[in-house]
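Worksheet: one structure, shown below.
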Amino acid sequence: MARHPSSPPAATAADAFAGLDLLSSAVVLIDERRIIRYINPGAENLFAISQRKLLGAPLARLLGEPVGLSTALDNALRTNWSYTGQDLTITRGQAEAIHLDCTVSPVEATGVKLLLEFRPIDAQLRVAREEQLLQQQQANRELIRNLAHEIKNPLGGIRGSAQLLERELADPQLREYTEVIIAEADRLQDLMNRLLTSHSMMRPAQLNIHDVLERVRRLILAEFPDVVIRRDYDTSLPELTADREQLIQAILNIARNAAQALGGKGEIRLRTRVARQVTLAKRRFKLALELQVIDNGPGIPEEIRDKIFYPLVSGRDGGSGLGLSLAQSFVEQHQGMIDVESRPGRTCFTILLPITDRT
């Protein structure tokens, strides 16, 4: 009995769009029910998930529900028009948010209705944010320096006059008032010195960043013994050229801010990694140190999140609002930058510092 040759299997979306595997951009194909039918290797890398786990799953499992995308997909399916969305924020579980541009294009293929192409824009946003922070810091620095000098000059006269007056007063109750004046003048003097410290000359030297972090860890534990500090260090990192004391103070300000936000109880993670091909202060560096201070506290209040590095802005009652501003100033003097991402349960301050080649 003659055998009839078997019919070839039906072409899948992956077969029909095999050429998309060669693209470096992230591509996802979905059907009219928004079910994922194909993702290319670029999308697997971008979203850190394998195609095997997503095929047949709803698009929301991959992207969540970013604002505006659902309506755009409905319109593209209904009108057969393309759509481009800018600065979409994709948040999935505990993973860090991803900022993307997305182009939605109708396609004619079996089992597929829309092609979604994603382009990460985190690097562009980081450069724009860095330029904004630099301009802000320069303006803040001039304001603080002028203000501190104007306040510091008369403080010596106020304190000296109070001391002279104290010697002339026989009534102990009246002398209590002069003691208050002297104590408050000293407090203001200390505050002005802290404001002017950020403008002191650097003393750069070779140092190991983990020695700096261990110093910060001991200081935080001495002040907040109930805080758990976990270390996640990349011990292969080369040495930095930096001012040790400034770096300790910058990281200590951030870590102490985290411990205070935790109410003295919670977890802080100190993490170091190497970053490659990083642009800092408009210069390109082959290598940079990525240092993160991560806490599981309540997060930064939304109303001050964009102003957290401004001087005298604090989310804590009784806070001076100087710690993060000084930290930013110290890091900027090292040609680095600080960024922050915060949500309830996770706040991450990231410091990037260039690692220069030694000759």
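Each chain in the structure tokens gets a letter, A, B, ..., in the order shown, and its residues are numbered from 1; ligands are numbered from 1 in order too.
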TODO: Do a neighbour search on Asp243 of chain A at 8 Å with only C-alpha atoms, toss out local chain neighbours closer than 5 positions, and write the hits as a PyMOL selection string.
DONE: chain A and resi 202-205
Open item on the list: DSSP on the backbone, strand (DSSP E) only: what residues of segment 108-269 of chain A does that give? Format it as a VMD selection string.
Closed with: chain A and resid 108 to 109 112 to 120 204 to 207 227 to 232 240 to 243 266 to 269
Please produce an output containing N, CA and C atoms for each residue in the selection, written as a CSV table (one decimal), in the first residue's frame.
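What follows is the written file selection30.csv:
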```
chain,number,residue,atom,x,y,z
A,108,GLU,N,-0.1,41.2,9.5
A,108,GLU,CA,-1.0,40.2,8.9
A,108,GLU,C,-0.2,38.9,8.9
A,109,ALA,N,-0.6,38.0,9.9
A,109,ALA,CA,0.1,36.7,9.9
A,109,ALA,C,-0.9,35.8,10.7
A,112,VAL,N,-1.5,36.0,14.7
A,112,VAL,CA,-0.8,37.2,15.2
A,112,VAL,C,-1.5,38.4,14.7
A,113,LYS,N,-1.7,39.4,15.6
A,113,LYS,CA,-2.3,40.6,15.2
A,113,LYS,C,-1.5,41.9,15.4
A,114,LEU,N,-0.6,41.9,16.4
A,114,LEU,CA,0.1,43.1,16.7
A,114,LEU,C,1.6,42.7,17.0
A,115,LEU,N,2.5,43.6,16.5
A,115,LEU,CA,3.9,43.5,16.8
A,115,LEU,C,4.3,44.7,17.8
A,116,LEU,N,4.8,44.4,18.9
A,116,LEU,CA,5.3,45.4,19.9
A,116,LEU,C,6.8,45.4,19.9
A,117,GLU,N,7.3,46.6,19.6
A,117,GLU,CA,8.8,46.8,19.7
A,117,GLU,C,9.1,47.7,20.8
A,118,PHE,N,10.0,47.3,21.7
A,118,PHE,CA,10.4,48.0,22.9
A,118,PHE,C,11.8,48.5,22.8
A,119,ARG,N,12.1,49.8,23.2
A,119,ARG,CA,13.4,50.3,23.3
A,119,ARG,C,13.6,50.9,24.7
A,120,PRO,N,14.6,50.4,25.4
A,120,PRO,CA,14.8,50.9,26.8
A,120,PRO,C,15.4,52.3,26.7
A,204,PRO,N,42.6,63.2,47.5
A,204,PRO,CA,42.4,61.9,46.8
A,204,PRO,C,43.6,61.0,47.1
A,205,ALA,N,43.3,59.7,47.2
A,205,ALA,CA,44.3,58.6,47.4
A,205,ALA,C,43.6,57.3,47.0
A,206,GLN,N,44.5,56.3,46.7
A,206,GLN,CA,44.0,55.0,46.4
A,206,GLN,C,43.3,54.4,47.6
A,207,LEU,N,42.1,53.8,47.4
A,207,LEU,CA,41.4,53.2,48.5
A,207,LEU,C,40.6,52.0,48.0
A,227,VAL,N,19.4,47.3,63.6
A,227,VAL,CA,19.3,47.3,62.1
A,227,VAL,C,20.2,46.2,61.6
A,228,VAL,N,19.7,45.4,60.7
A,228,VAL,CA,20.5,44.3,60.1
A,228,VAL,C,21.1,44.9,58.8
A,229,ILE,N,22.4,44.7,58.7
A,229,ILE,CA,23.1,45.2,57.5
A,229,ILE,C,23.7,44.0,56.8
A,230,ARG,N,23.2,43.8,55.6
A,230,ARG,CA,23.7,42.7,54.7
A,230,ARG,C,24.7,43.2,53.7
A,231,ARG,N,25.8,42.4,53.5
A,231,ARG,CA,26.8,42.8,52.5
A,231,ARG,C,26.7,42.0,51.3
A,232,ASP,N,26.7,42.6,50.1
A,232,ASP,CA,26.7,42.0,48.8
A,232,ASP,C,27.8,42.6,48.0
A,240,LEU,N,39.8,52.5,44.0
A,240,LEU,CA,39.4,53.9,43.5
A,240,LEU,C,40.4,54.9,43.9
A,241,THR,N,40.4,56.0,43.2
A,241,THR,CA,41.1,57.2,43.6
A,241,THR,C,40.1,58.2,44.1
A,242,ALA,N,40.0,58.4,45.4
A,242,ALA,CA,39.0,59.2,46.0
A,242,ALA,C,39.4,59.7,47.4
A,243,ASP,N,38.7,60.7,47.9
A,243,ASP,CA,38.9,61.2,49.2
A,243,ASP,C,38.2,60.3,50.2
A,266,GLY,N,15.0,47.1,60.9
A,266,GLY,CA,14.8,46.7,59.5
A,266,GLY,C,16.1,46.2,58.9
A,267,GLU,N,16.2,46.3,57.6
A,267,GLU,CA,17.3,45.7,56.9
A,267,GLU,C,17.9,46.7,55.9
A,268,ILE,N,19.2,46.8,55.9
A,268,ILE,CA,19.9,47.6,54.9
A,268,ILE,C,20.9,46.7,54.1
A,269,ARG,N,20.9,46.8,52.8
A,269,ARG,CA,21.9,46.0,52.0
A,269,ARG,C,22.9,46.9,51.4
```
- [ ] Once DSSP has gone over the backbone, tell me which residues of segment 59-290 of chain A are in alpha helix (DSSP H), as an MDAnalysis selection string.
- [x] chainID A and resid 59:63 69:79 122:168 172:197 209:223 244:261
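Take the candidates A:Ala148, A:Val274, A:Ile338, A:Ile181 and check each one against Leu324 of chain A using only C-alpha atoms; the shortest distance goes to A:Ile338.
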- [ ] Choose the residue, out of A:Ala57, A:Gly68, A:Gln189, A:Val107, that has the smallest atom-to-atom separation from Pro154 of chain A; count only C-alpha atoms.
- [x]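 Smallest separation from Pro154 of chain A among the options: A:Gln189.
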- [ ] Might you pull out every residue within 12 Å of Glu245 of chain A, with only C-alpha atoms counted and same-chain residues fewer than 2 positions away left off, and present them as a ChimeraX atom specification?
- [x] /A:197-198,200-205,207,209,211-213,215-216,242-243,247-252,327,330-331
Taking N, CA and C atoms for each residue, export the selection above as a compact mmCIF listing (two decimals), in the first residue's frame.
```
# COMPACT_ATOMS: atom_id res chain seq x y z
N THR A 197 31.42 72.53 54.64
CA THR A 197 32.34 71.40 54.52
C THR A 197 32.37 70.85 53.10
N SER A 198 31.22 70.88 52.43
CA SER A 198 31.14 70.29 51.09
C SER A 198 32.02 71.03 50.08
N SER A 200 35.17 72.01 50.83
CA SER A 200 36.58 71.87 51.21
C SER A 200 37.35 71.13 50.13
N MET A 201 38.66 71.29 50.15
CA MET A 201 39.52 70.66 49.15
C MET A 201 39.56 69.15 49.34
N MET A 202 39.58 68.43 48.23
CA MET A 202 39.67 66.97 48.29
C MET A 202 41.11 66.54 48.56
N ARG A 203 41.23 65.36 49.21
CA ARG A 203 42.53 64.73 49.42
C ARG A 203 42.47 63.34 48.82
N PRO A 204 42.60 63.23 47.49
CA PRO A 204 42.43 61.93 46.84
C PRO A 204 43.59 60.98 47.12
N ALA A 205 43.26 59.69 47.22
CA ALA A 205 44.26 58.64 47.40
C ALA A 205 43.64 57.32 46.96
N LEU A 207 42.13 53.80 47.39
CA LEU A 207 41.42 53.15 48.50
C LEU A 207 40.58 52.00 47.99
N ILE A 209 37.00 50.33 48.21
CA ILE A 209 35.65 50.78 48.55
C ILE A 209 35.05 49.95 49.67
N ASP A 211 36.62 48.72 52.26
CA ASP A 211 37.10 49.24 53.54
C ASP A 211 36.25 50.42 53.99
N VAL A 212 35.87 51.26 53.04
CA VAL A 212 35.00 52.40 53.34
C VAL A 212 33.63 51.91 53.82
N LEU A 213 33.09 50.92 53.13
CA LEU A 213 31.76 50.40 53.49
C LEU A 213 31.78 49.72 54.85
N ARG A 215 33.67 50.54 57.32
CA ARG A 215 33.70 51.64 58.29
C ARG A 215 32.29 52.20 58.49
N VAL A 216 31.56 52.41 57.39
CA VAL A 216 30.18 52.89 57.48
C VAL A 216 29.31 51.88 58.22
N ALA A 242 40.04 58.38 45.42
CA ALA A 242 38.98 59.18 46.03
C ALA A 242 39.44 59.73 47.36
N ASP A 243 38.67 60.69 47.86
CA ASP A 243 38.89 61.24 49.19
C ASP A 243 38.16 60.34 50.19
N LEU A 247 34.09 60.28 51.08
CA LEU A 247 33.32 59.12 50.65
C LEU A 247 32.63 58.46 51.83
N ILE A 248 33.35 58.34 52.95
CA ILE A 248 32.73 57.78 54.15
C ILE A 248 31.53 58.62 54.57
N GLN A 249 31.70 59.95 54.57
CA GLN A 249 30.62 60.83 55.00
C GLN A 249 29.43 60.74 54.06
N ALA A 250 29.68 60.68 52.75
CA ALA A 250 28.58 60.60 51.79
C ALA A 250 27.77 59.33 51.98
N ILE A 251 28.45 58.18 52.07
CA ILE A 251 27.75 56.90 52.21
C ILE A 251 27.10 56.81 53.59
N LEU A 252 27.78 57.32 54.60
CA LEU A 252 27.22 57.31 55.95
C LEU A 252 25.94 58.13 56.01
N ALA A 327 25.87 64.60 50.66
CA ALA A 327 26.30 63.37 49.98
C ALA A 327 26.39 63.59 48.48
N PHE A 330 29.50 65.70 47.68
CA PHE A 330 30.75 64.94 47.76
C PHE A 330 30.91 64.03 46.55
N VAL A 331 29.84 63.35 46.16
CA VAL A 331 29.91 62.43 45.03
C VAL A 331 30.17 63.20 43.74
```
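Separating atom CA of Lys265 of chain A from atom CA of Glu303 of chain A is a distance of 24.2 Å.
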